Amino acid sequence: MNHPRELRHQAAGHTGTLTDRDGLLVFKPALDRELAFYQAVQKRMYSEGNDDGNREGDVPLYSWMPTFLGTLNEGEQGTEGGKYIVLENLLHGFSEPNVMDVKLGKVLYDNEASVEKRERLAQVSKTTTSGSLGFRICGMKLKRNKMVEQVDPAHVEPDEDDYVFLNKHFGRSRTEDNIEDSFRLFFANSKLSPERVKTLKRTFLHRLQLLYNTLLEEEVRMVSCSLLFIYEGEPKRWDALNDRDSLLRDEFIDSGDEDSDSENESTGGKTGLSSLSLIDFAHSKLVPGEGYDEGLVDAIENLMTLFHNICIRI
Ligand code: ADP
Ligand code: MN
């Protein structure tokens with residue numbers, strides 16, 4: 001690993017996730033189930049040519065996931081080193097990323113969980129929007145904005161460069177009555193025009209509709225995975241791209257190299273102005289023949305309703 005450092009702008013989760021000096025990659029401590037899931041999806045991707053084709057027209061599942069580049073063993077020779085999953089850093093190319101982690105599903109444990117864990121997580125679901133809506137805000141890392149001033153100070157952790165972290169207590173205390181405002185808060189960037197904010201919300205709604213179609217065709221069980229929302233808060237990058245965003249992230253590994261380096265620096269290369277990704281597959285598996293994940297699909301449906309509402313009512 002070349003000069004590893006802690007990943008900045010983590011929206012939630014455990015510490016221990018690292019990035020390289022250039023911020024291209026993310027190294028996440030490897031868990032067996034998560035590694036197996038990335039490998040299974042990758043294997044299927046390579047054999048997709050032989051598929052029965054029923055996924056035609058839909059965005060494939062792997063397009064919603066960070067590109068999986070393999071594993072890495074870190075440590076001195078002869079010692080027990082740490083094992084990492086190497087992933088595309090979804091924040092690469094953003095100048096002022098704003099990041100939100102939304103955990104999906106009503107049921108937050110799988111059948112491998114201990115009785116203690118089941119009881120604890122059943123309680124979390126019952127007392128949060130996980131239970132009522134099938135999703136819950138885990139955390140946000142964003143530039144401070146006006147709406148942040150109204151948040152309970154116990155939920156706000158200031159960071160450098162006028163960033164704030166809204167912690168898990170923020171997410172757990174959301175209700176059906178204030179969840180829409182919490183998403184509005186995420187987009188209430190003080191440097192972006194109302195038009196740009198509106199564009200962002202619409203683009204995410206569109207992505208959710210595409211993801212919904214993907215997941216209806218996928219035979220997976222994803223317990224406790226997250227949706228990672230990212231948008232660019234630096235107006236100069238919006239200017240440089242003429243406000244043009246892309247619905248899906250570009251291929252991380254590109255064959256050609258059309259962009260010149262100078263262009264890459266000013267525009268963030270191929271990175272768009274926002275993105276939506278599925279992450280965190282420590283409790284995910286492919287289940288061929290067992291149908292789609294109802295909990296997951298319900299969650300996306302409720303998120304689509306929410307985005308529809310925040311798009312039409314400012
Ligand atoms: P955990 O198992 O600790 O919950 P996650 O995979 O959910 O780990 O990651 C925790 C946080 O790290 C996420 O909320 C996100 O902000 C950040 N993160 C995870 N994977 C990536 C990635 N590939 N690129 C950028 N940020 C990431
Ligand atoms: Mn997580």
# chains A, B, ... in the order shown; residues from 1 in each chain; ligands from 1

$ residues_around --residues "Leu192 in chain A" --least-positions-apart "2" --cutoff "9 Å" --atoms "only C-alpha atoms" --output "list in words"
Ala188, Asn189, Ser190, Pro194, Glu195, Arg196, Val197, Gly233, Glu234, Pro235 and Trp238 of chain A

$ residues_near_ligand --ligand "ligand 1" --cutoff "7 Å" --atoms "only C-alpha atoms and all ligand atoms" --output "number ranges by chain"
A: 9-15, 17, 26, 66, 87-91, 99, 101, 226, 228, 279-280, 282

$ residues_around --residues "Glu149 in chain A" --least-positions-apart "5" --cutoff "12 Å" --atoms "only C-alpha atoms" --output "ChimeraX atom specification"
/A:143-144,154-156,158,164,166,185,188

$ residues_around --residues "Ser132 in chain A" --least-positions-apart "3" --cutoff "9 Å" --atoms "only C-alpha atoms" --output "list of chain:residue names"
A:Lys106, A:Ser125, A:Lys126, A:Thr127, A:Thr128, A:Thr129, A:Phe135, A:Thr175, A:Glu176

$ residues_around --residues "Arg237 in chain A" --least-positions-apart "3" --cutoff "9 Å" --atoms "only C-alpha atoms" --output "ChimeraX atom specification"
/A:94-95,232-234,240-243,266-268,273

$ write_last_selection --atoms "N, CA and C atoms" --output "PDB file, in the first residue's frame"
ATOM      1  N   PHE A  94     -14.131  14.387  -6.865  1.00  0.00           N
ATOM      2  CA  PHE A  94     -14.965  15.449  -6.280  1.00  0.00           C
ATOM      3  C   PHE A  94     -14.076  16.465  -5.562  1.00  0.00           C
ATOM      4  N   SER A  95     -14.408  17.750  -5.704  1.00  0.00           N
ATOM      5  CA  SER A  95     -13.654  18.796  -5.005  1.00  0.00           C
ATOM      6  C   SER A  95     -14.190  19.019  -3.594  1.00  0.00           C
ATOM      7  N   GLU A 232     -21.376  17.020  -5.675  1.00  0.00           N
ATOM      8  CA  GLU A 232     -20.334  18.043  -5.738  1.00  0.00           C
ATOM      9  C   GLU A 232     -20.867  19.373  -5.213  1.00  0.00           C
ATOM     10  N   GLY A 233     -20.154  19.955  -4.237  1.00  0.00           N
ATOM     11  CA  GLY A 233     -20.587  21.233  -3.685  1.00  0.00           C
ATOM     12  C   GLY A 233     -19.762  22.411  -4.173  1.00  0.00           C
ATOM     13  N   GLU A 234     -18.780  22.151  -5.020  1.00  0.00           N
ATOM     14  CA  GLU A 234     -17.922  23.219  -5.533  1.00  0.00           C
ATOM     15  C   GLU A 234     -18.474  23.725  -6.865  1.00  0.00           C
ATOM     16  N   ALA A 240     -17.458  24.057 -14.885  1.00  0.00           N
ATOM     17  CA  ALA A 240     -16.563  23.380 -15.831  1.00  0.00           C
ATOM     18  C   ALA A 240     -17.299  22.304 -16.624  1.00  0.00           C
ATOM     19  N   LEU A 241     -18.298  21.682 -16.000  1.00  0.00           N
ATOM     20  CA  LEU A 241     -19.047  20.619 -16.685  1.00  0.00           C
ATOM     21  C   LEU A 241     -20.352  21.132 -17.282  1.00  0.00           C
ATOM     22  N   ASN A 242     -20.532  22.441 -17.275  1.00  0.00           N
ATOM     23  CA  ASN A 242     -21.768  23.017 -17.804  1.00  0.00           C
ATOM     24  C   ASN A 242     -23.017  22.411 -17.183  1.00  0.00           C
ATOM     25  N   ASP A 243     -22.920  22.109 -15.902  1.00  0.00           N
ATOM     26  CA  ASP A 243     -24.024  21.502 -15.143  1.00  0.00           C
ATOM     27  C   ASP A 243     -24.406  20.108 -15.639  1.00  0.00           C
ATOM     28  N   SER A 266      -8.996  20.238 -13.711  1.00  0.00           N
ATOM     29  CA  SER A 266     -10.019  21.257 -13.497  1.00  0.00           C
ATOM     30  C   SER A 266     -11.416  20.658 -13.372  1.00  0.00           C
ATOM     31  N   THR A 267     -11.666  19.529 -14.005  1.00  0.00           N
ATOM     32  CA  THR A 267     -13.028  19.011 -14.022  1.00  0.00           C
ATOM     33  C   THR A 267     -13.215  17.756 -13.192  1.00  0.00           C
ATOM     34  N   GLY A 268     -12.119  17.210 -12.645  1.00  0.00           N
ATOM     35  CA  GLY A 268     -12.262  15.958 -11.911  1.00  0.00           C
ATOM     36  C   GLY A 268     -12.315  14.783 -12.853  1.00  0.00           C
ATOM     37  N   LEU A 273     -21.148  15.045 -11.375  1.00  0.00           N
ATOM     38  CA  LEU A 273     -21.440  15.998 -10.306  1.00  0.00           C
ATOM     39  C   LEU A 273     -22.134  15.346  -9.119  1.00  0.00           C
TER      40      LEU A 273
END

$ closest_residue --among "A:Val86, A:Val102, A:Val107, A:Leu215" --to "ligand 2" --atoms "only C-alpha atoms and all ligand atoms"
A:Val102

$ select_by_dssp --residues "range 136-192 of chain A" --states "alpha helix (DSSP H)" --output "PyMOL selection string"
chain A and resi 168-172+179-187

$ atom_distance --atom1 "CA of Gly82 in chain A" --atom2 "CA of Glu160 in chain A"
29.3 Å

$ atom_distance --atom1 "CA of Gly139 in chain A" --atom2 "CA of Met100 in chain A"
5.9 Å

$ select_by_dssp --residues "range 156-212 of chain A" --states "strand (DSSP E or B)" --output "PyMOL selection string"
chain A and resi 156-158+163-166

$ write_last_selection --atoms "C-alpha atoms" --output "short mmCIF file (atom, residue, chain, number, x, y, z; two decimals), in the first residue's frame"
data_model
loop_
_atom_site.label_atom_id
_atom_site.label_comp_id
_atom_site.auth_asym_id
_atom_site.auth_seq_id
_atom_site.Cartn_x
_atom_site.Cartn_y
_atom_site.Cartn_z
CA VAL A 156 -23.42 17.54 14.88
CA GLU A 157 -19.67 16.94 14.96
CA PRO A 158 -17.67 19.79 13.36
CA TYR A 163 -17.53 20.36 7.15
CA VAL A 164 -19.84 18.74 9.67
CA PHE A 165 -20.57 15.11 10.42
CA LEU A 166 -24.16 14.25 11.34
#

$ atom_distance --atom1 "CA of Gly93 in chain A" --atom2 "CA of Leu303 in chain A"
26.5 Å

$ residues_around --residues "Asp293 in chain A" --least-positions-apart "3" --cutoff "8 Å" --atoms "only C-alpha atoms" --output "list of chain:residue names"
A:Leu215, A:Leu216, A:Glu218, A:Glu219, A:Val220, A:Arg221, A:Met222, A:Leu296, A:Val297

$ write_last_selection --atoms "C-alpha atoms" --output "compact mmCIF listing (two decimals), in the first residue's frame"
# COMPACT_ATOMS: atom_id res chain seq x y z
CA LEU A 215 -33.27 -4.82 -8.07
CA LEU A 216 -36.57 -6.24 -9.32
CA GLU A 218 -31.90 -9.42 -9.14
CA GLU A 219 -32.02 -12.50 -6.96
CA VAL A 220 -30.07 -11.21 -4.00
CA ARG A 221 -30.43 -10.84 -0.25
CA MET A 222 -28.77 -7.69 0.96
CA LEU A 296 -34.76 -3.89 -0.45
CA VAL A 297 -37.26 -3.13 -3.19
